[in-house]
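upload_25.tsv, holding TSV, C-alpha atoms:
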chain	number	residue	atom	x	y	z
B	72	MET	CA	124.68	144.65	93.11
B	73	ALA	CA	122.94	142.11	95.38
B	74	GLU	CA	123.96	138.49	94.91
B	75	THR	CA	121.32	136.30	93.22
B	76	ALA	CA	119.55	134.02	95.68
B	77	ARG	CA	120.35	130.35	95.14
B	78	VAL	CA	117.95	127.42	95.40
B	79	ILE	CA	118.66	123.71	95.17
B	80	VAL	CA	115.73	121.45	94.35
B	81	ILE	CA	116.18	117.81	95.32
B	82	GLY	CA	114.00	115.78	92.96
B	83	GLY	CA	113.23	116.31	89.29
B	84	GLY	CA	109.62	115.19	89.17
B	85	ILE	CA	106.63	117.37	88.37
B	86	GLY	CA	106.66	119.19	91.71
B	87	GLY	CA	110.41	119.78	91.74
B	88	LEU	CA	110.53	121.05	88.16
B	89	ALA	CA	107.50	123.28	88.73
B	90	ALA	CA	109.08	124.76	91.86
B	91	ALA	CA	112.34	125.38	90.01
B	92	ALA	CA	110.46	127.03	87.13
B	93	ALA	CA	108.39	129.21	89.46
B	94	LEU	CA	111.44	130.33	91.45
B	95	HIS	CA	113.42	130.93	88.26
B	96	ARG	CA	110.64	133.28	87.13
B	97	LYS	CA	111.17	135.13	90.41
B	98	GLY	CA	114.86	135.61	89.68
B	99	TRP	CA	116.36	132.80	91.74
B	100	ALA	CA	119.38	130.86	90.48
B	101	VAL	CA	118.07	127.29	90.35
B	102	THR	CA	119.71	123.86	90.37
B	103	VAL	CA	117.67	120.66	90.21
B	104	LEU	CA	119.34	117.46	91.41
B	105	GLU	CA	117.69	114.28	90.15
B	106	ARG	CA	119.15	110.89	91.04
B	107	ALA	CA	117.68	109.08	88.00
B	108	PRO	CA	119.84	109.08	84.87
B	109	ALA	CA	117.15	110.98	82.93
B	110	LEU	CA	113.94	112.91	83.51
B	111	ASP	CA	111.86	109.82	82.84
B	112	PRO	CA	108.78	110.07	85.09
B	113	VAL	CA	107.40	107.03	86.87
B	114	GLY	CA	103.78	106.60	85.87
B	115	ALA	CA	101.89	106.72	82.64
B	116	ALA	CA	99.64	109.78	82.63
B	117	ILE	CA	98.46	112.56	84.89
B	118	SER	CA	95.05	114.13	85.35
B	119	LEU	CA	95.06	117.88	85.77
B	120	ALA	CA	92.13	119.41	87.58
B	121	PRO	CA	91.18	123.09	87.16
B	122	ASN	CA	93.35	124.03	90.17
B	123	GLY	CA	96.39	122.36	88.61
B	124	LEU	CA	95.77	124.13	85.30
B	125	CYS	CA	95.51	127.40	87.18
B	126	ALA	CA	98.92	126.74	88.72
B	127	LEU	CA	100.29	126.10	85.23
B	128	ASP	CA	98.77	129.42	84.15
B	129	ALA	CA	100.98	131.04	86.80
B	130	LEU	CA	103.98	129.36	85.15
B	131	GLY	CA	102.92	130.63	81.73
B	132	ILE	CA	102.16	127.24	80.14
B	133	GLY	CA	98.53	126.64	81.08
B	134	ASP	CA	97.13	127.17	77.58
B	135	GLU	CA	99.91	125.10	76.01
B	136	ILE	CA	99.06	122.18	78.29
B	137	ARG	CA	95.34	122.59	77.59
B	138	ASP	CA	96.06	122.29	73.87
B	139	LEU	CA	98.10	119.11	74.40
B	140	ALA	CA	95.66	117.42	76.76
B	141	ALA	CA	92.67	115.22	76.13
B	142	TRP	CA	89.49	116.99	77.15
B	143	GLN	CA	87.29	114.64	79.12
B	144	GLY	CA	83.71	115.13	78.04
B	145	ASP	CA	80.87	112.67	78.43
B	146	GLY	CA	82.02	109.83	80.63
B	147	GLY	CA	81.39	108.74	84.17
B	148	LEU	CA	81.26	105.91	86.65
B	149	ARG	CA	80.28	102.31	85.82
B	150	THR	CA	79.82	98.91	87.42
B	151	PRO	CA	81.92	95.91	86.31
B	152	GLY	CA	78.95	94.73	84.23
B	153	GLY	CA	78.91	98.03	82.34
B	154	ARG	CA	75.92	99.79	83.94
B	155	TRP	CA	76.40	103.53	84.25
B	156	LEU	CA	76.11	104.78	87.82
B	157	SER	CA	76.75	108.40	86.92
B	158	ARG	CA	77.65	110.53	83.94
B	159	SER	CA	80.25	113.29	83.98
B	160	ASP	CA	79.65	116.60	82.27
B	161	ALA	CA	82.63	118.64	81.10
B	162	GLU	CA	80.47	121.69	80.47
B	163	ALA	CA	79.14	121.62	84.03
B	164	ALA	CA	82.67	121.32	85.42
B	165	THR	CA	83.86	124.19	83.24
B	166	ALA	CA	80.94	126.35	84.32
B	167	ARG	CA	81.63	125.61	87.98
B	168	PHE	CA	85.44	125.63	88.09
B	169	GLY	CA	86.65	127.33	84.89
B	170	ASP	CA	88.02	124.13	83.33
B	171	PRO	CA	87.13	120.45	83.17
B	172	LEU	CA	89.53	117.69	84.16
B	173	VAL	CA	92.12	116.99	81.47
B	174	LEU	CA	94.59	114.18	80.92
B	175	LEU	CA	98.01	113.94	79.30
B	176	PRO	CA	101.16	111.79	79.49
B	177	ARG	CA	103.35	112.61	82.48
B	178	SER	CA	106.35	112.79	80.18
B	179	THR	CA	104.72	115.60	78.22
B	180	LEU	CA	104.24	117.71	81.33
B	181	VAL	CA	107.76	116.96	82.56
B	182	ASP	CA	109.22	118.01	79.21
B	183	ARG	CA	107.29	121.30	79.19
B	184	LEU	CA	108.29	122.13	82.77
B	185	ALA	CA	111.96	121.31	82.12
B	186	ALA	CA	111.90	123.58	79.06
B	187	LEU	CA	111.13	126.52	81.36
B	188	LEU	CA	114.52	126.19	83.04
B	189	PRO	CA	117.85	127.61	81.86
B	190	PRO	CA	120.38	125.27	80.23
B	191	GLY	CA	122.32	123.23	82.76
B	192	ALA	CA	119.87	123.81	85.59
B	193	VAL	CA	118.94	120.12	85.81
B	194	ARG	CA	121.60	117.63	86.86
B	195	THR	CA	120.50	114.03	86.39
B	196	GLY	CA	122.27	111.00	87.77
B	197	THR	CA	122.96	112.96	90.95
B	198	SER	CA	121.97	111.51	94.30
B	199	ALA	CA	121.59	114.28	96.86
B	200	SER	CA	120.98	114.49	100.60
B	201	LEU	CA	120.42	117.33	103.01
B	202	ALA	CA	123.50	117.94	105.14
B	203	ASP	CA	122.19	121.01	107.00
B	204	PRO	CA	118.76	122.68	106.70
B	205	GLY	CA	120.35	126.05	107.46
B	206	ASP	CA	118.87	128.88	109.48
B	207	ARG	CA	118.63	132.66	109.44
B	208	ASP	CA	122.38	133.04	109.93
B	209	ARG	CA	123.77	130.29	107.71
B	210	PRO	CA	122.92	128.75	104.34
B	211	ALA	CA	121.54	125.28	103.87
B	212	ARG	CA	123.96	122.62	102.68
B	213	VAL	CA	123.37	119.70	100.32
B	214	THR	CA	125.68	116.78	99.64
B	215	ALA	CA	125.65	115.70	96.00
B	216	GLY	CA	128.08	112.89	95.33
B	217	GLU	CA	131.44	114.17	96.51
B	218	GLU	CA	130.31	117.80	96.35
B	219	GLU	CA	128.87	119.93	99.11
B	220	LEU	CA	126.66	122.74	97.84
B	221	GLU	CA	125.30	125.76	99.68
B	222	ALA	CA	121.96	127.40	99.01
B	223	ASP	CA	119.71	130.12	100.35
B	224	LEU	CA	116.82	127.70	99.94
B	225	VAL	CA	116.55	123.93	99.56
B	226	VAL	CA	113.38	122.33	98.22
B	227	GLY	CA	112.79	118.70	99.12
B	228	ALA	CA	110.69	117.37	96.24
B	229	ASP	CA	111.90	113.80	96.46
B	230	GLY	CA	108.61	111.97	96.72
B	231	VAL	CA	106.74	109.83	99.21
B	232	ASN	CA	109.95	108.11	100.33
B	233	SER	CA	111.72	111.43	100.76
B	234	ARG	CA	115.12	111.47	102.43
B	235	VAL	CA	114.81	115.19	103.11
B	236	ARG	CA	111.66	114.78	105.23
B	237	PRO	CA	113.20	112.60	107.99
B	238	ALA	CA	116.22	114.91	108.07
B	239	LEU	CA	113.85	117.76	108.98
B	240	PHE	CA	111.39	115.80	111.13
B	241	PRO	CA	113.11	112.69	112.50
B	242	ASP	CA	110.26	111.92	114.92
B	243	HIS	CA	107.61	111.71	112.19
B	244	PRO	CA	106.60	108.08	111.45
B	245	GLY	CA	106.75	108.56	107.68
B	246	PRO	CA	104.53	106.95	105.02
B	247	VAL	CA	102.22	104.01	105.69
B	248	TYR	CA	100.57	101.52	103.33
B	249	ALA	CA	97.18	102.77	102.16
B	250	GLY	CA	95.76	99.25	101.89
B	251	PHE	CA	95.75	98.88	98.12
B	252	THR	CA	98.05	98.44	95.15
B	253	THR	CA	97.78	100.03	91.70
B	254	TRP	CA	98.53	99.12	88.09
B	255	ARG	CA	98.98	101.58	85.22
B	256	LEU	CA	99.56	101.28	81.49
B	257	LEU	CA	99.71	103.65	78.54
B	258	ILE	CA	99.37	101.87	75.19
B	259	PRO	CA	97.81	102.11	71.71
B	260	VAL	CA	94.56	100.17	71.42
B	261	PRO	CA	93.64	100.08	67.71
B	262	GLY	CA	89.96	100.58	66.99
B	263	ALA	CA	88.97	101.25	70.59
B	264	GLU	CA	86.31	103.95	70.90
B	265	PHE	CA	84.75	104.66	74.27
B	266	ALA	CA	83.82	107.40	76.71
B	267	PRO	CA	86.23	108.01	79.59
B	268	HIS	CA	85.11	106.08	82.63
B	269	GLU	CA	86.04	104.67	86.00
B	270	THR	CA	84.56	101.35	87.09
B	271	TRP	CA	84.02	100.48	90.75
B	272	GLY	CA	83.72	96.86	91.86
B	273	ARG	CA	84.16	95.20	95.25
B	274	GLY	CA	87.60	96.15	96.54
B	275	ARG	CA	88.68	96.83	92.95
B	276	ILE	CA	88.51	99.73	90.53
B	277	TRP	CA	89.46	100.21	86.89
B	278	GLY	CA	89.78	103.37	84.81
B	279	THR	CA	90.06	103.70	81.02
B	280	GLN	CA	90.86	107.10	79.53
B	281	PRO	CA	91.60	108.01	75.88
B	282	LEU	CA	94.47	110.43	75.28
B	283	LYS	CA	94.72	113.07	72.58
B	284	ASP	CA	97.66	111.28	70.93
B	285	GLY	CA	95.51	108.21	70.28
B	286	ARG	CA	96.82	106.05	73.09
B	287	VAL	CA	94.78	104.74	76.01
B	288	TYR	CA	95.65	105.31	79.65
B	289	ALA	CA	94.31	102.59	81.92
B	290	TYR	CA	94.72	102.15	85.64
B	291	ALA	CA	93.48	99.72	88.24
B	292	ALA	CA	93.59	99.28	92.00
B	293	ALA	CA	92.79	96.43	94.38
B	294	THR	CA	92.89	95.90	98.12
B	295	LEU	CA	95.79	93.49	98.69
B	296	PRO	CA	98.55	92.97	101.25
B	297	ALA	CA	101.57	95.24	100.86
B	298	GLY	CA	104.42	93.85	98.81
B	299	GLU	CA	102.39	91.17	97.04
B	300	ARG	CA	103.24	90.50	93.40
B	301	ALA	CA	101.80	88.31	90.64
B	302	PRO	CA	103.16	84.75	90.52
B	303	ASP	CA	103.64	85.07	86.75
B	304	ASP	CA	103.35	88.64	85.41
B	305	GLU	CA	101.22	91.67	86.10
B	306	LYS	CA	99.29	91.50	82.82
B	307	ALA	CA	98.17	88.00	83.81
B	308	GLU	CA	97.16	89.37	87.20
B	309	LEU	CA	95.03	92.07	85.55
B	310	LEU	CA	93.38	89.46	83.34
B	311	ARG	CA	92.47	87.39	86.37
B	312	ARG	CA	91.00	90.37	88.21
B	313	TYR	CA	89.44	92.42	85.39
B	314	GLY	CA	89.33	90.26	82.26
B	315	ASP	CA	85.56	89.65	82.52
B	316	TRP	CA	84.64	93.31	83.14
B	317	HIS	CA	82.80	95.41	80.55
B	318	ASP	CA	84.20	96.67	77.24
B	319	PRO	CA	86.70	98.14	76.45
B	320	ILE	CA	88.61	96.57	79.36
B	321	PRO	CA	89.17	93.18	77.63
B	322	ALA	CA	90.39	94.96	74.47
B	323	VAL	CA	92.84	97.07	76.48
B	324	LEU	CA	94.22	94.01	78.23
B	325	ALA	CA	94.49	92.13	74.94
B	326	ALA	CA	96.57	94.98	73.49
B	327	ALA	CA	98.92	95.15	76.48
B	328	ARG	CA	102.22	93.36	76.89
B	329	PRO	CA	103.44	92.27	80.33
B	330	GLU	CA	106.21	94.87	80.19
B	331	ASP	CA	103.65	97.65	79.62
B	332	VAL	CA	102.13	97.19	83.07
B	333	LEU	CA	103.47	99.21	86.01
B	334	ARG	CA	102.56	98.14	89.54
B	335	HIS	CA	103.08	100.12	92.73
B	336	ASP	CA	101.74	99.82	96.25
B	337	VAL	CA	100.15	103.06	97.49
B	338	HIS	CA	101.65	104.77	100.54
B	339	HIS	CA	100.60	108.01	102.14
B	340	LEU	CA	101.35	110.22	105.12
B	341	ALA	CA	98.61	109.28	107.55
B	342	ARG	CA	99.92	111.77	110.09
B	343	PRO	CA	100.40	115.34	108.79
B	344	LEU	CA	103.79	116.95	109.27
B	345	PRO	CA	104.09	119.66	111.93
B	346	ALA	CA	105.24	122.07	109.21
B	347	HIS	CA	106.32	122.08	105.58
B	348	HIS	CA	109.60	123.80	106.34
B	349	SER	CA	112.49	123.92	108.79
B	350	GLY	CA	115.34	126.39	108.64
B	351	ARG	CA	115.97	127.26	104.99
B	352	THR	CA	114.52	123.98	103.71
B	353	VAL	CA	110.97	123.27	102.52
B	354	LEU	CA	109.09	120.14	101.51
B	355	LEU	CA	106.86	120.00	98.48
B	356	GLY	CA	104.50	117.51	96.81
B	357	ASP	CA	104.49	113.91	98.04
B	358	ALA	CA	107.47	114.61	100.30
B	359	ALA	CA	105.21	116.98	102.25
B	360	HIS	CA	101.73	115.47	101.94
B	361	ALA	CA	101.60	112.14	100.07
B	362	MET	CA	97.98	111.11	99.68
B	363	PRO	CA	96.02	108.27	98.04
B	364	PRO	CA	95.35	108.93	94.34
B	365	THR	CA	91.56	108.71	94.76
B	366	LEU	CA	90.96	112.43	94.17
B	367	GLY	CA	93.63	112.71	91.47
B	368	GLN	CA	95.17	115.57	93.45
B	369	GLY	CA	98.75	114.47	94.11
B	370	GLY	CA	100.30	116.20	91.11
B	371	ASN	CA	97.86	119.10	91.26
B	372	GLN	CA	98.78	119.85	94.86
B	373	ALA	CA	102.48	119.73	93.98
B	374	LEU	CA	101.86	122.33	91.26
B	375	GLU	CA	100.01	124.49	93.76
B	376	ASP	CA	102.91	124.11	96.22
B	377	ALA	CA	105.34	125.30	93.57
B	378	VAL	CA	103.62	128.57	92.71
B	379	VAL	CA	102.76	129.36	96.35
B	380	LEU	CA	106.38	128.76	97.37
B	381	ALA	CA	107.60	131.13	94.67
B	382	HIS	CA	105.02	133.70	95.72
B	383	HIS	CA	106.29	133.67	99.31
B	384	SER	CA	109.92	133.23	98.23
B	385	GLY	CA	112.00	133.36	101.40
B	386	ASP	CA	109.05	133.57	103.81
B	387	LEU	CA	108.86	129.88	104.61
B	388	PRO	CA	106.48	130.18	107.60
B	389	ALA	CA	104.01	131.86	105.24
B	390	TYR	CA	104.40	128.94	102.82
B	391	THR	CA	103.59	126.45	105.59
B	392	ALA	CA	100.64	128.59	106.75
B	393	ASP	CA	99.25	128.59	103.21
B	394	ARG	CA	99.81	124.96	102.34
B	395	LEU	CA	99.65	122.80	105.47
B	396	PRO	CA	95.94	123.26	106.32
B	397	ARG	CA	94.84	122.88	102.70
B	398	THR	CA	96.88	119.80	101.85
B	399	THR	CA	95.99	118.15	105.17
B	400	ALA	CA	92.28	118.57	104.48
B	401	ILE	CA	92.58	117.28	100.90
B	402	ALA	CA	94.69	114.29	102.00
B	403	ARG	CA	92.06	113.36	104.57
B	404	GLN	CA	89.33	113.63	101.96
B	405	ALA	CA	91.35	111.37	99.63
B	406	VAL	CA	91.51	108.76	102.41
B	407	ARG	CA	87.73	108.95	102.89
B	408	VAL	CA	87.14	108.51	99.16
B	409	ALA	CA	89.52	105.53	99.14
B	410	ARG	CA	87.41	103.85	101.81
B	411	LEU	CA	84.37	104.39	99.60
B	412	ASN	CA	85.64	103.33	96.20
B	413	MET	CA	87.76	100.45	97.53
B	414	ALA	CA	84.95	99.07	99.72
B	415	GLY	CA	84.79	95.27	99.64
B	416	ASN	CA	81.68	94.49	101.63
B	417	ARG	CA	78.82	93.49	99.34
B	418	ALA	CA	76.15	95.38	101.29
B	419	VAL	CA	78.28	98.52	101.54
B	420	VAL	CA	78.95	98.39	97.79
B	421	ALA	CA	75.23	98.05	97.04
B	422	VAL	CA	74.39	101.09	99.18
B	423	ARG	CA	77.29	103.04	97.68
B	424	ASN	CA	76.14	102.38	94.13
B	425	THR	CA	72.54	103.28	94.95
B	426	VAL	CA	73.56	106.60	96.49
B	427	ILE	CA	75.86	107.48	93.58
B	428	ALA	CA	73.13	106.72	91.05
B	429	ALA	CA	70.65	108.85	92.98
B	430	LEU	CA	73.06	111.77	93.15
B	431	SER	CA	73.66	111.47	89.43
B	432	GLN	CA	69.93	111.57	88.71
B	433	ALA	CA	69.67	114.76	90.77
B	434	GLY	CA	72.12	116.46	88.40
B	435	PRO	CA	75.88	116.76	87.84
B	436	ALA	CA	76.13	119.84	90.08
B	437	LEU	CA	75.51	117.72	93.18
B	438	PHE	CA	78.35	115.38	92.24
B	439	LEU	CA	80.70	118.28	91.49
B	440	ARG	CA	80.19	119.75	94.95
B	441	GLY	CA	82.67	117.20	96.26
B	442	PHE	CA	85.40	119.22	94.53
B	443	ASP	CA	84.31	122.59	95.87
B	444	GLY	CA	87.23	124.09	97.75
B	445	ILE	CA	89.66	121.95	95.74
B	446	ALA	CA	89.20	122.52	92.03
B	447	ASP	CA	88.30	126.19	92.46
B	448	TRP	CA	91.70	127.12	93.97
B	449	ARG	CA	93.49	130.21	92.64
B	450	PRO	CA	97.03	131.43	93.42
B	451	PRO	CA	97.11	133.66	96.51
B	452	TYR	CA	98.09	136.70	94.45
B	453	ALA	CA	95.47	136.20	91.71
B	454	SER	CA	92.58	138.66	91.67
B	455	GLY	CA	90.54	136.77	89.10
B	456	ARG	CA	90.44	134.06	86.45
B	457	LYS	CA	92.54	134.93	83.43
B	458	HIS	CA	91.61	131.94	81.29
B	459	ALA	CA	88.05	130.79	80.90
B	460	GLY	CA	88.96	127.25	79.88
B	461	LYS	CA	87.67	125.28	76.93
B	462	PRO	CA	84.58	123.12	76.63
As a first step, turn the structure in this file into structure tokens.
Amino acid sequence: MAETARVIVIGGGIGGLAAAAALHRKGWAVTVLERAPALDPVGAAISLAPNGLCALDALGIGDEIRDLAAWQGDGGLRTPGGRWLSRSDAEAATARFGDPLVLLPRSTLVDRLAALLPPGAVRTGTSASLADPGDRDRPARVTAGEEELEADLVVGADGVNSRVRPALFPDHPGPVYAGFTTWRLLIPVPGAEFAPHETWGRGRIWGTQPLKDGRVYAYAAATLPAGERAPDDEKAELLRRYGDWHDPIPAVLAAARPEDVLRHDVHHLARPLPAHHSGRTVLLGDAAHAMPPTLGQGGNQALEDAVVLAHHSGDLPAYTADRLPRTTAIARQAVRVARLNMAGNRAVVAVRNTVIAALSQAGPALFLRGFDGIADWRPPYASGRKHAGKP
């Protein structure tokens, strides 16, 4: 009997767990090494586009996640004073892509992905590093604490500040600051009723999204120097920057405590990697193609990576050939969108808002075209859409 192929996944985030689950379905013996003491994801919520839901279909949990998620219906884009620049249409998105955009807590998705793995597959509190990427004639080796583990495949899913990436590509410059910082919070806001929306100001944006469990997910971004922090606390910083914006933003901020607010500078890989693999080791998710969050595609692309990797199994050049051109193009588009929605020049903002409003008046289909080639992705082995989505 042939020995079961072994894979070690470094990183227990969404991409790493999805890769482990997809490879486990293919019959691989999987071990996930996560340095944090628990699978407690950084970040409040995640938006799943139709392409991400399709990847979850390949893992067998797409419909379960759809049932748990908030379905984003009538919403859109606003100015800080509250004027609607555009309206979103869930039915139009479903008709075009098979699903609308949905939202759920990151912890919910992490829990569902972890449940797909066999008992003992995830080892938390374990810091791991790549000792040898391996090649055709020898296995890859990973150092985990005082242990040295061998594997037929190593998956580096350890995020934007990956330690696996420089071990594979030491000449790559690594991540750079994207020019803006972000805040996120996930809290109950009693009595708040509103349509999902994102608000674009000058060099600042805010988003407010209701979740199915009754909580509110809010996020903000502003162009600021890297490493800057509030002189008092981050809730106070949000009040200074967004406290006079339209409802329900003041109500959300009033309901928040300083400890509810997460702040992180945004970094991305401005230069694409030469490949997403070397030897018997692959990179996945932000470790491979960290991008600004302006398209909401970071987690979705990691889910795509996972199912494509499992599809190609040991054929790592095929994985790179599938994923590198696509993720490079999407990352570049995310950078272009960041320049648009984080614009600070008053004249540029006025033109931007006028164009968006005009496109919205022409119909939602024009606005949705920006996601053609992204949201309509299907796994490489899929012959058709198995799930029609929900309105």
Restricting the calculation to all atoms listed in the file, which member of B:Glu135, B:Glu219, B:Glu269, B:Asp318 is positioned closest to Asn412 (chain B)?
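Result for the nearest residue to Asn412 (chain B): B:Glu269.
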Could you work out how far CA of Leu355 (chain B) lies from CA of Arg394 (chain B), giving the answer in Å with one decimal?
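About the pair CA of Arg394 (chain B) and CA of Leu355 (chain B): they are 9.4 Å apart.
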With distances taken over all atoms listed in the file, the candidate from B:Thr279, B:Thr214, B:Asn122, B:Asn371 nearest Leu324 (chain B) is B:Thr279
Residues of region 272-372 of chain B within 12 Å of region 79-102 of chain B: nearest atom pair and distance (Å, one decimal) for each, counting only C-alpha atoms, sorted by chain and number, as CSV?
residue,atom,partner,partner_atom,distance
B:Arg351,CA,B:Ile79,CA,10.8
B:Thr352,CA,B:Ile79,CA,9.5
B:Val353,CA,B:Val80,CA,9.6
B:Leu354,CA,B:Ile81,CA,9.7
B:Leu355,CA,B:Gly86,CA,6.8
B:Gly356,CA,B:Gly86,CA,5.8
B:Asp357,CA,B:Gly86,CA,8.5
B:Ala358,CA,B:Gly86,CA,9.8
B:Ala359,CA,B:Gly86,CA,10.9
B:His360,CA,B:Gly86,CA,11.9
B:Gly369,CA,B:Gly86,CA,9.5
B:Gly370,CA,B:Ile85,CA,7.0
B:Asn371,CA,B:Gly86,CA,8.8
B:Gln372,CA,B:Gly86,CA,8.5
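Rounded to one decimal, CA of Pro396 (chain B) and CA of Arg342 (chain B) lie 12.7 Å from each other.
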How close does each residue of region 159-273 of chain B get to region 147-150 of chain B, giving the shortest atom pair and distance in Å to one decimal for every residue with an atom at most 9 Å away, counting all atoms listed in the file, sorted by chain and residue number, as a tab-separated table?
residue	atom	partner	partner_atom	distance
B:Ser159	CA	B:Gly147	CA	4.7
B:Asp160	CA	B:Gly147	CA	8.3
B:Ala266	CA	B:Gly147	CA	8.0
B:Pro267	CA	B:Gly147	CA	6.7
B:His268	CA	B:Gly147	CA	4.8
B:Glu269	CA	B:Leu148	CA	5.0
B:Thr270	CA	B:Arg149	CA	4.6
B:Trp271	CA	B:Thr150	CA	5.6
B:Gly272	CA	B:Thr150	CA	6.3
Residue subset to file, keeping C-alpha atoms, as a compact mmCIF listing (two decimals), in the frame of the given file:
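That gives us again.txt:
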# COMPACT_ATOMS: atom_id res chain seq x y z
CA SER B 159 80.25 113.29 83.98
CA ASP B 160 79.65 116.60 82.27
CA ALA B 266 83.82 107.40 76.71
CA PRO B 267 86.23 108.01 79.59
CA HIS B 268 85.11 106.08 82.63
CA GLU B 269 86.04 104.67 86.00
CA THR B 270 84.56 101.35 87.09
CA TRP B 271 84.02 100.48 90.75
CA GLY B 272 83.72 96.86 91.86
Proximity to Thr179 (chain B) - best of B:Leu310, B:Ala361, B:Leu110, B:Ala327, only C-alpha atoms:
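Looking at the shortest contact to Thr179 (chain B), the residue is B:Leu110.
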In terms of the shortest atom-to-atom distance over all atoms listed in the file, which of B:Gly230, B:Gly434, B:Pro450, B:Pro321 is closest to Ala164 (chain B)?
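For Ala164 (chain B), the nearest of the given residues is B:Gly434.
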Each residue of region 221-260 of chain B with at least one atom at most 12 Å from region 180-198 of chain B should appear once, together with its nearest atom pair and the corresponding distance in Å (one decimal); atoms considered: only C-alpha atoms; ordering: chain, then increasing residue number; output as JSON lines.
{"residue": "B:Asp229", "atom": "CA", "partner": "B:Ser198", "partner_atom": "CA", "distance": 10.6}
{"residue": "B:Arg234", "atom": "CA", "partner": "B:Ser198", "partner_atom": "CA", "distance": 10.6}
{"residue": "B:Val235", "atom": "CA", "partner": "B:Ser198", "partner_atom": "CA", "distance": 11.9}
Suppose you want the space between CA of Val420 (chain B) and CA of Leu256 (chain B); what is it in Å?
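These two atoms are separated by 26.4 Å.
Each of B:Ala115, B:Ala433, B:Val226, B:Ala163 was compared to Gln280 (chain B) using all atoms listed in the file, and B:Ala115 turns out to be the nearest.
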Pick out the residues sitting within 12 Å of Arg328 (chain B), and hand them over as a list in words; count only C-alpha atoms, and ignore anything fewer than 6 positions along from it in its own chain.
Leu256, Leu257, Ile258, Pro259, Val260, Asp304, Glu305, Lys306, Ala307, Leu309 and Leu310 of chain B
I'd like the contact shell of region 378-393 of chain B - 6 Å cut-off, all atoms listed in the file, skipping same-chain residues fewer than 2 positions apart - returned as a PyMOL selection string.
chain B and resi 93-94+346-347+375-376+395
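Shortest separation to Ala322 (chain B) among B:Pro302, B:Gly262, B:Pro345, B:Pro281 occurs at residue B:Gly262, atoms counted being all atoms listed in the file.
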Residues within 8 Å of region 238-242 of chain B, only C-alpha atoms, excluding chain neighbours under 4 positions, as a list of chain:residue names:
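Close residues of region 238-242 of chain B: B:Leu201, B:Pro204, B:Arg234, B:Leu344, B:His348, B:Ser349.
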Residue list as a PyMOL selection string for point (93.8, 116.4, 98.4), cut-off 8 Å, all atoms listed in the file:
chain B and resi 362+366-369+372+397-405+445
Compile the contact shell of Ala126 (chain B) as a PyMOL selection string: residues with an atom at most 6 Å away, counting all atoms listed in the file, same-chain residues fewer than 2 positions apart removed.
chain B and resi 123-124+128-129+374-375
Can I get the selected residues back with C-alpha atoms, as a PDB file, in the coordinates of the input?
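Dumped to selection-v7.pdb:
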ATOM      1  CA  GLY B 123      96.390 122.360  88.610  1.00  0.00           C
ATOM      2  CA  LEU B 124      95.770 124.130  85.300  1.00  0.00           C
ATOM      3  CA  ASP B 128      98.770 129.420  84.150  1.00  0.00           C
ATOM      4  CA  ALA B 129     100.980 131.040  86.800  1.00  0.00           C
ATOM      5  CA  LEU B 374     101.860 122.330  91.260  1.00  0.00           C
ATOM      6  CA  GLU B 375     100.010 124.490  93.760  1.00  0.00           C
TER       7      GLU B 375
END
Would you kindly return, as a PyMOL selection string, each protein, DNA or RNA residue with an atom no farther than 10 Å from any atom of Phe251 (chain B), considering all atoms listed in the file and excluding same-chain residues fewer than 6 positions away?
chain B and resi 274-275+292-297+335-338+363+409+413
